[in-house]
Amino acid sequence: MKSISIATTPTLNTPPNHASPSRTSNSPSIRARSPSPAGSATSSQAPVSNASIKPAPLPSVAKGKRINVVQEYAKRNLEKSSLNLVVVGHVDAGKSTLMGHLLYLLGEVNERTMKKYERDAEKMKKGSFCFAWVLDETEEERSRGVTIDVGMSYFETQLHRFTILDAPGHRDFVPNMISGASQADVALLVIDSGAGEFEVGFELGGQTREHALLVRSLGVGQLVVAVNKLDTIHWSESRFYEIKEKLTFFLLGAGFKKDKLTFVPCSGFTGENMIECKSQELLAWYEGPTLRECLDALQPPVRLLEKPFRLPVTDYFKGGSAAGGGGSLSVSGRIEAGTLQIGDAITVMPLGEHGAVKAIESNNEAIKWAVAGDNVVITLNGIDVQQISIGNVLCAPQSLVPVADAFQVKIVTFDIAIPLTLGVPIVLHHQSASTPGIISKLVSILNRASGEVIKKNPRALPKNVTAIVDIKLDKPICVELAKESRELGRVMIRSGSTVVAAGIVTEIVNRVK
């Protein structure tokens, strides 16, 4: 089992020692852990201005036999489909332990490695954390006992190939969680069912509500709810259904459909009902699926293979195992649209710099092609590592992504304590980039059901309303209209340390040439 970690910058109220030296000041990144790149690009480099860069000529493209990627993808899908699964929930709900144990039970972690984790965890007097260490790989995460980065790992079921995005639950690392969730197709919400623990995460300002709202706002429609740690209260049937009833009511209000919600009781520590159910206490009342069966029942989304190629950059470094190392630039991220193969020409926006694909890697294996939905590392020729930044987008040269610093957004405000007003400073989260800006205009408040304008030019936006606003950013970003690309047209808005709204881009106000 190999893994990649998505690391982002903590929020402003986080102590400085929370940050990893390799992270960017404003944006998330993916840091390859195994194998290690020859040299990792750090975020201390200032972003290069659009105006200071002259587009380079298109590089020569390899003239070998071209692959029919659409046909190859159809063949691959006959075997198993690919799904990106984000794992979310309140801090200490047991997310990393649950997924680490699942990977072990599925054979993705061998016995020898697991024994080593057990010994090392015991030395730190954290023996119960041994399964979490499968995903929490950094020294800081292991010493503190919390997930900071988004750990990325892989496993297969009978029907699917899964990429796990194990998101942090602590509120200091919500930007990291947003970065992981923006790359997800489906979600697993982990609940601590212990006495009083569900209430802390759900009713007392915990992250359960916020995480559920965020994944739904980022387009995730299928949700498995793992009611974890039920073994600690003797597999209580009444507790399971109490949690299910409260969460179902909330999740339906958040926009999930009832037939897209699945609840499963389990224990991440003992492994009960993850692969099979043996507990007589549980079997006395539960006849439903195991966690693996719930995951296997998830449906893959339609991939936008016919759309122009788009890949938002979540990390970059020199080298790359698929290309045999060396000094070439490698970037990582999820392909949001289109197809890619070795030899293709690409353009990095907003730089306008051209390059060619030298190598492609997925799950630490060299591949010849990739499609929308695949998490990949791409090695490029013709691009300078000093110029690229987190949040840049790789595009097909014939169809460049728009670049803008002002646009109109249809938003839904969350359960906020202070109404949003004109000129309020914000941080806009778009894919893996976070950019400061302001709400420059409150255009209107809409009827949530019909979309009709209720009030023009409101003075403030209270909680739980749908509205149209204009946003002005401190610097331009790559963004598309939501009707053209749901993935590149979705945004999250934070004010201070709180996520206050989510929305879709409806109009580009100032397109940067």
# chains A, B, ... in the order shown; residues from 1 in each chain; ligands from 1

$ residues_around --residues "Val469 of chain A" --least-positions-apart "4" --cutoff "10 Å" --atoms "only C-alpha atoms" --output "list of chain:residue names"
A:Phe407, A:Gln408, A:Val409, A:Lys410, A:Ile411, A:Leu422, A:Ile439, A:Ser440, A:Lys441, A:Leu442, A:Val443, A:Ser444, A:Ile445, A:Asn457, A:Leu461, A:Gly503, A:Val505, A:Thr506

$ residues_around --residues "segment 264-268 of chain A" --least-positions-apart "4" --cutoff "8 Å" --atoms "only C-alpha atoms" --output "VMD selection string"
chain A and resid 94 to 95 97 to 99 101 to 102 224 to 231 240 272 to 274 288 to 291 294

$ select_by_dssp --residues "segment 226-380 of chain A" --states "strand (DSSP E)" --output "ChimeraX atom specification"
/A:226-228,261-265,310-312,315-318,329-334,339-341,345-349,353-362,365-367,369-371,375-380

$ select_by_dssp --residues "segment 267-310 of chain A" --states "helix (DSSP H, G or I)" --output "PyMOL selection string"
chain A and resi 280-283+291-296

$ write_last_selection --atoms "C-alpha atoms" --output "short mmCIF file (atom, residue, chain, number, x, y, z; two decimals), in the first residue's frame"
data_model
loop_
_atom_site.label_atom_id
_atom_site.label_comp_id
_atom_site.auth_asym_id
_atom_site.auth_seq_id
_atom_site.Cartn_x
_atom_site.Cartn_y
_atom_site.Cartn_z
CA GLN A 280 -23.68 -11.92 18.17
CA GLU A 281 -24.72 -8.70 19.92
CA LEU A 282 -24.84 -6.93 16.54
CA LEU A 283 -26.32 -9.86 14.64
CA LEU A 291 -18.95 -1.42 5.27
CA ARG A 292 -17.25 -2.99 2.24
CA GLU A 293 -20.64 -3.89 0.76
CA CYS A 294 -21.89 -0.34 1.32
CA LEU A 295 -18.87 1.03 -0.53
CA ASP A 296 -19.31 -1.48 -3.35
#

$ closest_residue --among "A:Ile335, A:Ala212, A:Leu394, A:Ile477" --to "Asn510 of chain A" --atoms "only C-alpha atoms"
A:Ile477

$ residues_around --residues "Ser238 of chain A" --least-positions-apart "4" --cutoff "12 Å" --atoms "only C-alpha atoms" --output "PyMOL selection string"
chain A and resi 193+230+233-234+242-245+265+282+285-286
